[in-house]
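Data block for start.cif (mmCIF, C-alpha atoms):
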data_model
#
loop_
_atom_site.label_atom_id
_atom_site.label_comp_id
_atom_site.auth_asym_id
_atom_site.auth_seq_id
_atom_site.Cartn_x
_atom_site.Cartn_y
_atom_site.Cartn_z
CA MET A 1 100.71 69.94 79.33
CA THR A 2 99.01 73.10 80.57
CA HIS A 3 95.39 73.17 81.67
CA LEU A 4 92.70 75.83 81.91
CA THR A 5 89.85 75.26 84.36
CA VAL A 6 86.92 77.65 84.29
CA TRP A 7 86.00 78.59 87.85
CA GLY A 8 83.56 81.15 86.47
CA GLY A 9 83.00 83.72 83.73
CA ALA A 10 82.70 81.57 80.58
CA GLY A 11 79.19 80.51 79.63
CA GLU A 12 77.82 83.19 81.96
CA HIS A 13 77.97 86.92 82.66
CA GLY A 14 79.78 87.33 85.97
CA ARG A 15 82.28 85.76 88.42
CA SER A 16 85.22 85.86 85.99
CA CYS A 17 87.79 83.36 87.27
CA TYR A 18 90.23 81.25 85.22
CA LEU A 19 92.66 78.74 86.72
CA LEU A 20 95.83 77.91 84.78
CA GLN A 21 97.90 74.92 85.83
CA HIS A 22 101.25 73.58 84.61
CA GLU A 23 102.65 70.63 86.54
CA GLU A 24 102.66 71.79 90.18
CA GLN A 25 102.38 75.51 89.47
CA VAL A 26 99.04 77.29 89.44
CA ILE A 27 98.07 80.88 88.57
CA LEU A 28 94.69 82.61 88.49
CA LEU A 29 93.15 85.23 86.20
CA ASP A 30 90.53 87.32 88.05
CA CYS A 31 88.32 86.11 90.89
CA GLY A 32 84.92 87.80 90.81
CA GLY A 33 81.36 87.38 92.00
CA LYS A 34 77.99 87.33 90.33
CA LYS A 35 75.26 89.66 91.60
CA GLU A 36 72.45 87.12 91.55
CA HIS A 37 70.67 85.16 94.30
CA GLY A 38 72.49 87.05 97.05
CA GLY A 39 75.88 86.63 95.40
CA GLN A 40 77.45 83.73 93.53
CA TYR A 41 81.14 82.91 93.77
CA PRO A 42 83.65 81.02 91.62
CA LEU A 43 84.06 77.26 91.88
CA ILE A 44 87.21 77.66 93.96
CA GLY A 45 89.04 74.37 94.54
CA GLU A 46 90.56 74.82 97.98
CA GLU A 47 92.94 71.91 97.42
CA VAL A 48 94.64 73.87 94.65
CA LEU A 49 95.32 77.03 96.66
CA PRO A 50 98.55 75.84 98.35
CA ARG A 51 100.09 75.69 94.85
CA LEU A 52 98.68 79.04 93.68
CA LYS A 53 101.67 81.21 92.78
CA ALA A 54 100.01 84.48 91.70
CA VAL A 55 96.67 86.12 90.90
CA PHE A 56 96.27 88.58 88.00
CA LEU A 57 93.37 91.02 88.36
CA SER A 58 92.22 92.80 85.20
CA HIS A 59 90.09 95.50 86.90
CA ALA A 60 87.97 96.41 89.90
CA HIS A 61 84.43 95.59 88.78
CA GLU A 62 82.66 93.21 91.15
CA ASP A 63 82.31 90.40 88.63
CA HIS A 64 86.11 90.26 88.38
CA SER A 65 87.27 90.99 91.92
CA MET A 66 84.81 90.31 94.73
CA ALA A 67 85.89 86.73 95.47
CA ILE A 68 89.60 87.52 95.95
CA PRO A 69 89.19 87.66 99.78
CA LEU A 70 87.91 84.07 99.62
CA LEU A 71 91.32 82.99 98.36
CA TYR A 72 92.95 84.47 101.46
CA LYS A 73 90.29 83.01 103.73
CA HIS A 74 91.16 79.57 102.37
CA GLY A 75 94.89 80.00 102.91
CA PHE A 76 96.31 81.78 99.86
CA LYS A 77 99.49 83.63 100.90
CA GLY A 78 100.56 85.10 97.56
CA GLN A 79 100.17 88.37 95.72
CA VAL A 80 97.58 89.96 93.44
CA TRP A 81 99.10 91.65 90.38
CA THR A 82 97.00 94.62 89.30
CA THR A 83 97.20 98.35 88.73
CA ARG A 84 97.40 100.84 91.57
CA THR A 85 94.28 102.50 90.14
CA THR A 86 92.35 99.24 90.42
CA ALA A 87 93.48 98.67 94.01
CA GLN A 88 92.35 102.20 94.91
CA GLN A 89 88.88 101.54 93.48
CA LEU A 90 88.31 98.21 95.20
CA PRO A 91 87.15 99.50 98.63
CA VAL A 92 84.13 101.15 96.95
CA TYR A 93 83.20 97.85 95.33
CA PHE A 94 83.73 95.79 98.48
CA GLU A 95 81.38 98.13 100.32
CA ALA A 96 78.79 97.97 97.53
CA TRP A 97 79.04 94.16 97.49
CA SER A 98 78.50 94.08 101.25
CA ARG A 99 75.44 96.34 100.95
CA TYR A 100 74.04 94.08 98.25
CA ALA A 101 74.50 90.99 100.45
CA ARG A 102 72.78 92.73 103.38
CA SER A 103 69.90 93.77 101.14
CA GLN A 104 69.44 90.09 100.29
CA SER A 105 69.80 89.01 103.96
CA ILE A 106 72.88 86.99 103.01
CA ASP A 107 76.12 86.78 104.99
CA LEU A 108 79.35 87.33 103.10
CA PRO A 109 81.57 84.22 102.99
CA TYR A 110 84.55 86.31 104.17
CA ASP A 111 85.14 89.31 106.42
CA ASP A 112 87.23 92.47 106.62
CA ARG A 113 90.31 90.54 107.76
CA HIS A 114 90.46 88.71 104.44
CA ILE A 115 90.03 91.95 102.47
CA ALA A 116 92.84 93.54 104.49
CA ALA A 117 95.06 90.51 103.80
CA ILE A 118 95.16 91.14 100.04
CA ASP A 119 98.78 91.74 99.04
CA TYR A 120 98.92 93.87 95.90
CA VAL A 121 101.75 94.19 93.40
CA TYR A 122 101.23 97.31 91.29
CA LEU A 123 101.83 96.78 87.58
CA GLU A 124 102.84 100.41 87.06
CA ASP A 125 105.72 99.91 89.52
CA LYS A 126 107.02 96.87 87.66
CA SER A 127 106.81 97.87 83.99
CA VAL A 128 105.17 100.17 81.48
CA SER A 129 102.48 99.05 79.07
CA GLY A 130 103.70 96.50 76.54
CA HIS A 131 106.97 95.62 78.31
CA TRP A 132 107.81 92.25 79.82
CA VAL A 133 108.48 91.74 83.52
CA GLU A 134 109.33 88.55 85.45
CA VAL A 135 106.66 87.48 87.93
CA PHE A 136 108.55 84.44 89.20
CA PRO A 137 111.18 82.20 87.57
CA GLY A 138 109.60 80.76 84.43
CA LEU A 139 106.74 83.28 84.18
CA ARG A 140 106.95 86.62 82.36
CA MET A 141 104.04 89.01 81.93
CA LYS A 142 103.16 92.18 80.07
CA TRP A 143 100.04 94.30 80.27
CA GLY A 144 98.18 97.03 78.41
CA ARG A 145 95.22 99.35 78.89
CA SER A 146 91.90 97.74 77.96
CA GLY A 147 89.66 100.85 77.66
CA HIS A 148 86.98 99.46 79.96
CA LEU A 149 87.64 101.30 83.21
CA PRO A 150 90.43 103.48 84.61
CA GLY A 151 93.07 100.95 85.63
CA SER A 152 91.64 98.09 83.57
CA VAL A 153 94.18 95.97 81.67
CA TRP A 154 94.79 92.95 79.49
CA PHE A 155 97.60 90.45 80.15
CA VAL A 156 99.99 88.42 78.01
CA LEU A 157 101.78 85.63 79.91
CA SER A 158 104.82 83.70 78.77
CA TRP A 159 104.87 80.58 80.92
CA ALA A 160 106.23 77.07 80.54
CA GLY A 161 106.82 77.57 76.82
CA LYS A 162 103.26 78.83 76.27
CA LEU A 163 101.90 82.24 75.29
CA ILE A 164 98.59 83.07 77.01
CA TYR A 165 96.44 86.14 76.33
CA PHE A 166 93.68 87.36 78.64
CA SER A 167 91.73 90.36 77.39
CA GLY A 168 89.93 91.19 80.62
CA ASP A 169 87.04 93.47 79.64
CA TYR A 170 88.10 95.26 76.46
CA THR A 171 86.77 98.02 74.24
CA GLU A 172 88.20 100.51 71.78
CA GLU A 173 84.96 102.53 71.71
CA SER A 174 85.25 104.32 75.04
CA GLY A 175 84.54 108.03 74.93
CA LEU A 176 87.26 108.87 77.46
CA LEU A 177 89.52 105.89 78.08
CA ALA A 178 92.45 104.78 75.94
CA ALA A 179 93.10 101.17 74.95
CA ASP A 180 96.42 99.62 73.93
CA ARG A 181 95.93 97.20 71.06
CA PRO A 182 97.43 93.90 72.21
CA VAL A 183 100.51 92.44 70.52
CA LEU A 184 102.01 89.07 71.42
CA LEU A 185 105.58 89.43 70.15
CA PRO A 186 106.35 92.69 68.32
CA GLY A 187 108.00 92.34 64.92
CA GLN A 188 107.18 88.67 64.38
CA GLN A 189 104.18 86.51 63.60
CA ALA A 190 103.19 84.70 66.77
CA TYR A 191 100.32 82.53 67.89
CA ALA A 192 98.97 82.39 71.39
CA ASP A 193 98.59 78.90 72.76
CA LEU A 194 95.49 80.10 74.62
CA ALA A 195 93.42 83.28 74.38
CA ILE A 196 90.54 84.14 76.70
CA ILE A 197 88.68 87.06 75.19
CA ASP A 198 85.79 89.29 76.11
CA ALA A 199 82.74 88.39 74.00
CA ALA A 200 80.09 89.78 76.33
CA TYR A 201 77.83 91.07 73.54
CA GLY A 202 77.89 87.83 71.58
CA ALA A 203 76.97 88.17 67.90
CA ASP A 204 75.60 91.71 68.33
CA PRO A 205 76.98 93.75 65.39
CA GLY A 206 76.16 97.15 66.92
CA SER A 207 78.59 100.04 67.30
CA GLN A 208 78.87 102.69 69.99
CA ALA A 209 77.71 105.34 67.53
CA ILE A 210 74.40 103.53 66.91
CA GLY A 211 73.74 103.25 70.64
CA LEU A 212 74.51 106.91 71.24
CA GLU A 213 72.11 107.91 68.46
CA GLU A 214 69.33 106.00 70.23
CA LEU A 215 70.20 107.52 73.60
CA GLU A 216 70.11 110.97 72.06
CA ARG A 217 66.77 110.32 70.35
CA ILE A 218 65.01 109.15 73.53
CA THR A 219 66.53 111.84 75.73
CA ARG A 220 65.81 114.67 73.29
CA GLU A 221 62.19 113.53 72.87
CA LYS A 222 61.61 113.62 76.64
CA LEU A 223 63.31 116.98 77.12
CA ARG A 224 61.08 118.45 74.40
CA GLN A 225 58.11 117.30 76.51
CA ASN A 226 59.65 119.01 79.57
CA GLY A 227 60.22 115.54 80.93
CA THR A 228 63.14 114.24 82.96
CA VAL A 229 65.43 111.38 82.00
CA LEU A 230 67.09 109.20 84.63
CA TYR A 231 70.40 107.50 83.81
CA PRO A 232 71.32 104.90 86.48
CA VAL A 233 75.04 104.18 85.93
CA PRO A 234 77.92 102.47 87.75
CA THR A 235 80.08 104.47 90.14
CA TYR A 236 83.10 104.09 87.86
CA GLY A 237 83.29 103.76 84.09
CA ARG A 238 80.45 104.47 81.70
CA GLY A 239 78.79 106.82 84.19
CA GLN A 240 81.48 109.46 83.74
CA GLU A 241 81.56 108.90 79.98
CA LEU A 242 77.82 109.35 79.61
CA LEU A 243 77.88 112.39 81.87
CA VAL A 244 80.44 114.11 79.63
CA TRP A 245 78.52 113.02 76.51
CA ALA A 246 75.20 114.34 77.87
CA SER A 247 76.66 117.72 78.78
CA GLU A 248 77.98 118.11 75.22
CA THR A 249 74.94 116.71 73.41
CA PHE A 250 72.31 118.66 75.39
CA PRO A 251 74.00 122.01 76.12
CA GLU A 252 70.76 123.65 77.31
CA ALA A 253 69.65 120.88 79.69
CA ASP A 254 70.04 120.97 83.46
CA ILE A 255 71.95 117.98 84.77
CA ILE A 256 71.42 116.57 88.26
CA VAL A 257 74.26 114.30 89.30
CA GLU A 258 75.10 112.41 92.46
CA ARG A 259 78.23 113.63 94.21
CA ALA A 260 79.82 110.15 94.11
CA LEU A 261 79.87 110.25 90.31
CA MET A 262 81.39 113.73 90.28
CA GLU A 263 84.07 112.68 92.74
CA LYS A 264 85.10 109.91 90.36
CA LEU A 265 85.11 112.39 87.47
CA HIS A 266 87.47 114.64 89.44
CA GLN A 267 89.68 111.60 90.01
CA LEU A 268 89.91 111.04 86.25
CA VAL A 269 91.63 114.41 85.95
CA GLU A 270 94.41 112.92 88.08
CA MET A 271 94.66 109.87 85.77
CA PRO A 272 95.79 111.27 82.41
CA ASP A 273 97.71 108.09 81.59
CA TRP A 274 94.40 106.23 81.24
CA LEU A 275 92.68 108.81 79.01
CA HIS A 276 92.36 109.63 75.32
CA ASP A 277 94.33 112.66 74.20
CA ASN A 278 91.24 114.91 74.10
CA ALA A 279 89.50 113.47 77.16
CA LEU A 280 91.03 115.78 79.75
CA ALA A 281 89.80 118.91 77.93
CA ARG A 282 86.29 117.42 77.67
CA ILE A 283 86.21 116.60 81.39
CA GLU A 284 87.46 120.05 82.36
CA ALA A 285 84.76 121.65 80.19
CA LEU A 286 82.12 119.68 82.08
CA LEU A 287 83.59 120.61 85.45
CA ALA A 288 83.28 124.30 84.46
CA CYS A 289 79.64 123.86 83.37
CA ASP A 290 77.11 126.00 85.28
CA ARG A 291 74.20 123.65 84.50
CA LEU A 292 75.33 120.97 86.95
CA ASN A 293 73.33 120.37 90.13
CA ILE A 294 75.48 118.17 92.36
CA VAL A 295 73.46 116.40 95.06
CA ALA A 296 74.23 114.05 97.91
CA ASP A 297 71.11 113.86 100.09
CA LYS A 298 67.34 113.70 99.78
CA GLU A 299 66.80 117.40 100.52
CA ALA A 300 69.23 118.47 97.79
CA ARG A 301 67.62 116.06 95.33
CA GLU A 302 64.14 117.43 96.09
CA GLN A 303 65.34 121.00 95.62
CA ALA A 304 67.10 120.20 92.34
CA LEU A 305 64.02 118.49 90.93
CA SER A 306 61.73 121.31 92.04
CA ARG A 307 63.83 123.89 90.19
CA THR A 308 63.58 122.18 86.80
CA GLU A 309 60.78 121.20 84.45
CA GLY A 310 63.03 118.88 82.50
CA ALA A 311 66.46 117.55 83.38
CA ILE A 312 68.89 114.70 82.97
CA ILE A 313 69.67 112.82 86.18
CA PHE A 314 72.72 110.62 86.79
CA THR A 315 72.60 108.33 89.82
CA ASP A 316 75.29 105.84 90.75
CA ASP A 317 73.72 102.40 90.55
CA GLY A 318 73.51 100.81 87.11
CA MET A 319 71.08 98.06 88.18
CA MET A 320 68.92 100.36 90.37
CA GLN A 321 69.42 98.31 93.52
CA SER A 322 70.10 101.35 95.71
CA GLU A 323 67.52 103.30 97.69
CA THR A 324 68.56 106.48 95.88
CA ALA A 325 68.01 105.06 92.39
CA GLN A 326 64.62 103.69 93.41
CA TRP A 327 63.68 107.02 95.04
CA TYR A 328 64.36 108.81 91.77
CA TYR A 329 62.22 106.31 89.89
CA LYS A 330 59.30 106.75 92.29
CA ARG A 331 59.50 110.52 91.82
CA LEU A 332 59.43 110.17 88.03
CA ALA A 333 57.22 107.11 87.55
CA CYS A 334 53.85 108.84 87.35
CA SER A 335 54.46 110.78 84.11
CA ALA A 336 54.89 109.34 80.63
CA ASN A 337 56.93 112.44 79.81
CA ASN A 338 59.75 110.98 81.91
CA ALA A 339 62.04 108.07 81.13
CA VAL A 340 64.61 105.76 82.68
CA ILE A 341 67.43 104.62 80.41
CA LEU A 342 69.40 101.56 81.52
CA THR A 343 72.68 101.26 79.65
CA GLY A 344 74.46 98.13 80.91
CA HIS A 345 74.14 94.55 82.13
CA LEU A 346 71.13 93.80 84.32
CA ALA A 347 71.52 90.85 86.66
CA ALA A 348 68.58 88.47 86.95
CA GLY A 349 66.26 89.73 89.67
CA SER A 350 67.81 93.20 89.84
CA HIS A 351 65.44 96.13 90.27
CA GLY A 352 66.41 97.46 86.86
CA GLU A 353 65.57 94.18 85.17
CA LEU A 354 62.22 93.99 86.96
CA LEU A 355 61.31 97.53 85.91
CA LEU A 356 62.24 96.77 82.32
CA LYS A 357 59.94 93.74 82.35
CA THR A 358 56.97 95.25 84.16
CA SER A 359 56.89 99.00 83.43
CA ASN A 360 54.14 99.75 80.92
CA ILE A 361 52.49 102.90 82.26
CA GLY A 362 53.89 106.21 83.37
CA ALA A 363 57.62 106.78 82.91
CA GLN A 364 59.07 104.68 80.12
CA VAL A 365 61.96 102.31 80.89
CA HIS A 366 64.43 101.67 78.07
CA HIS A 367 67.51 99.49 77.75
CA VAL A 368 70.06 100.98 75.35
CA ARG A 369 73.53 99.52 75.63
CA TYR A 370 76.54 101.78 76.05
CA LYS A 371 79.41 99.62 74.83
CA VAL A 372 82.07 98.72 77.35
CA HIS A 373 82.62 95.18 76.02
CA GLN A 374 83.07 93.41 72.69
CA GLY A 375 80.50 92.28 70.17
CA LEU A 376 80.85 90.46 66.85
CA PRO A 377 83.02 92.98 64.91
CA ASP A 378 85.26 93.54 67.93
CA VAL A 379 85.81 89.82 68.50
CA ARG A 380 86.63 89.42 64.80
CA ASN A 381 89.29 92.10 65.15
CA MET A 382 90.79 90.53 68.24
CA LEU A 383 91.01 87.15 66.55
CA GLU A 384 93.12 88.86 63.87
CA TRP A 385 95.37 90.66 66.37
CA ILE A 386 95.80 87.60 68.60
CA PRO A 387 95.69 84.44 66.47
CA SER A 388 95.52 81.52 68.84
CA LYS A 389 95.66 77.75 68.79
CA ALA A 390 92.75 77.79 71.27
CA THR A 391 90.42 80.70 71.99
CA VAL A 392 87.84 80.70 74.78
CA LEU A 393 84.95 83.13 74.28
CA ALA A 394 84.03 84.59 77.67
CA HIS A 395 81.69 86.85 79.61
CA ALA A 396 78.36 85.86 78.04
CA SER A 397 75.67 83.25 78.58
CA LYS A 398 76.15 79.85 76.98
CA THR A 399 73.34 80.54 74.50
CA ARG A 400 74.81 83.87 73.41
CA THR A 401 78.32 82.43 73.24
CA ASP A 402 77.23 79.47 71.12
CA ARG A 403 75.44 81.80 68.70
CA LEU A 404 78.63 83.83 68.28
CA LEU A 405 80.67 80.65 67.93
CA THR A 406 78.48 79.47 65.05
CA VAL A 407 78.86 82.78 63.20
CA LEU A 408 82.63 82.82 63.58
CA ARG A 409 83.09 79.18 62.63
CA ASP A 410 81.07 79.78 59.47
CA GLU A 411 83.60 82.53 58.71
CA GLY A 412 86.49 80.10 59.04
CA HIS A 413 87.53 80.42 62.69
CA HIS A 414 87.91 76.82 63.87
CA THR A 415 89.92 77.05 67.11
CA LEU A 416 87.17 78.56 69.23
CA HIS A 417 85.70 77.13 72.42
CA SER A 418 82.48 77.77 74.32
CA LEU A 419 83.00 76.55 77.87
CA CYS A 420 81.02 76.60 81.10
CA PRO A 421 82.05 76.82 84.77
CA GLY A 422 83.73 73.61 85.87
CA GLU A 423 84.96 72.65 82.41
CA MET A 424 88.62 72.17 81.54
CA LEU A 425 90.69 72.76 78.40
CA THR A 426 94.16 71.30 77.83
CA PHE A 427 96.43 73.33 75.56
#
Please go through the file and, once you have read it, give me the structure as structure tokens.
Amino acid sequence: MTHLTVWGGAGEHGRSCYLLQHEEQVILLDCGGKKEHGGQYPLIGEEVLPRLKAVFLSHAHEDHSMAIPLLYKHGFKGQVWTTRTTAQQLPVYFEAWSRYARSQSIDLPYDDRHIAAIDYVYLEDKSVSGHWVEVFPGLRMKWGRSGHLPGSVWFVLSWAGKLIYFSGDYTEESGLLAADRPVLLPGQQAYADLAIIDAAYGADPGSQAIGLEELERITREKLRQNGTVLYPVPTYGRGQELLVWASETFPEADIIVERALMEKLHQLVEMPDWLHDNALARIEALLACDRLNIVADKEAREQALSRTEGAIIFTDDGMMQSETAQWYYKRLACSANNAVILTGHLAAGSHGELLLKTSNIGAQVHHVRYKVHQGLPDVRNMLEWIPSKATVLAHASKTRTDRLLTVLRDEGHHTLHSLCPGEMLTF
């Protein structure tokens, strides 16, 4: 028998970490943290680590990667299978995670030695998307682009007579990034024995187009009032997508953008394999735009704001934990003509969440999701592409997951599971 143990990520948003065990062999899918209460980590069973054969990392975001050094601290000697692009992004996230811990007066449970000990195997060096490669005797793996982040992937594992699918974070609605639709065994009907799939948006039926319409409505209304709109966004991912979208949607607006976000946009030009066919031309059009004000320090930010009566600002912290994001808010907070638009997950206790709950005068604070995960229609599609004898719905709170589970079971899907950290499934 083969067993799945949830070390994190199912029944919650954050610390994605799934342990798979067959006899004496153990493998791990992701190993992330959760940006709450100073940082929460997976339920790592140290007694298992001597038998851990390999770790598969879907992408660089903190909730999928930040606990990997803990494995090495506790004696793991093996390799982490991921893309070169993901490995190149990770130092930025390790530094951001460290800053977060310091801001909470919490010591990290590992140090730089354990980060340096991570031994990467680059997927691109082993195979191309959709092609099998042997990881160790008895385990084959293939991967594909998941559309969530440059370098983000899904995995299919063939191990001990079982087929296992792990979606990582998946979307087909990215404005710039390509996704490879997963296939278990081309040319034949196949069932996964286990599928772990991104269901972060639960039973939400919304599409990317609906969200973009709302973003455009709010932003256009504020610009008409000569107001300024602040978009706090992550360093990688939706920040670059929204920046390109804003430059196209509001061709007359000045755009103030932090240099870190522009540096990542320049990097995308060097990553054509991860992009849609038309994405490169859209990025290059933005880079040639004369309405961009690229800033990297307080003086430049002050000057950029003083030169405009209305603008769109992009700063690189989606939850507004950074001093820079909070500085922008303080500069804009006094006028109701201004707005802050939060577009992603807000951890409990984050500055963004607190503003959303408490802001009722001055600048308006909105939460309009830009889709980088799956909701109800997307999960339905994935259940069709990857029929499975057991499917675990992941990346959302237990309440949200159970609500989605009820909807899907009423539609005839009866092999679904809603698990929580610490629970096990035999398949």
Running the PyMOL selection byres ((chain A and resi 193-197) around 7) on this model by hand, what would come out? Give it as an NGL selection string.
:A and (162-168 or 191-192 or 198-199 or 388-394 or 427)
Exercise. Find the spatial neighbours of Ala347 (chain A), counting only C-alpha atoms, within a cut-off of 8 Å - ignore same-chain residues fewer than 2 positions away - and output them as a list in words.
Key: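 Here the answer would be Lys35, Glu36, Met319, His345, Gly349, Ser350 and Glu353 of chain A.
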Using all atoms listed in the file: which of A:Trp154, A:Trp143, A:Phe76, A:Trp7 has the shortest distance to Ala54 (chain A):
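With all atoms listed in the file as the atom set, the closest residue is A:Phe76.
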How would you write, as a PDB file with C-alpha atoms, in the frame of the given file, the residues chosen by the PyMOL selection byres ((chain A and resi 130) around 8) on this structure?
ATOM      1  CA  VAL A 128     105.170 100.170  81.480  1.00  0.00           C
ATOM      2  CA  SER A 129     102.480  99.050  79.070  1.00  0.00           C
ATOM      3  CA  HIS A 131     106.970  95.620  78.310  1.00  0.00           C
ATOM      4  CA  TRP A 132     107.810  92.250  79.820  1.00  0.00           C
ATOM      5  CA  LYS A 142     103.160  92.180  80.070  1.00  0.00           C
ATOM      6  CA  TRP A 143     100.040  94.300  80.270  1.00  0.00           C
ATOM      7  CA  GLY A 144      98.180  97.030  78.410  1.00  0.00           C
ATOM      8  CA  VAL A 183     100.510  92.440  70.520  1.00  0.00           C
TER       9      VAL A 183
END
Name the residues that the PyMOL selection byres ((chain A and resi 28) around 6) picks from the file above, as a PDB file with C-alpha atoms, in the coordinates of the input, using the file's chain letters and numbers.
ATOM      1  CA  TYR A  18      90.230  81.250  85.220  1.00  0.00           C
ATOM      2  CA  LEU A  19      92.660  78.740  86.720  1.00  0.00           C
ATOM      3  CA  ILE A  27      98.070  80.880  88.570  1.00  0.00           C
ATOM      4  CA  LEU A  29      93.150  85.230  86.200  1.00  0.00           C
ATOM      5  CA  VAL A  55      96.670  86.120  90.900  1.00  0.00           C
TER       6      VAL A  55
END
Review point. Near His373 (chain A), counting all atoms listed in the file, which residues have an atom at most 12 Å away, once you skip same-chain residues fewer than 2 positions from it, shown as an MDAnalysis selection string?
Key: chainID A and resid 13 146:149 167:174 197:202 204 206:208 237:238 344:345 369:371 375:379 394:396
Residues within 10 Å of Ser247 (chain A), please, as a PyMOL selection string. Count only C-alpha atoms; anything in the same chain fewer than 6 positions from it doesn't count.
chain A and resi 253-255+282-283+285-286+289+291-292+312
I'd like the contact shell of Ser306 (chain A) - 12 Å cut-off, all atoms listed in the file, skipping same-chain residues fewer than 6 positions apart - returned as an MDAnalysis selection string. chainID A and resid 228 254 256 293 299:300 331
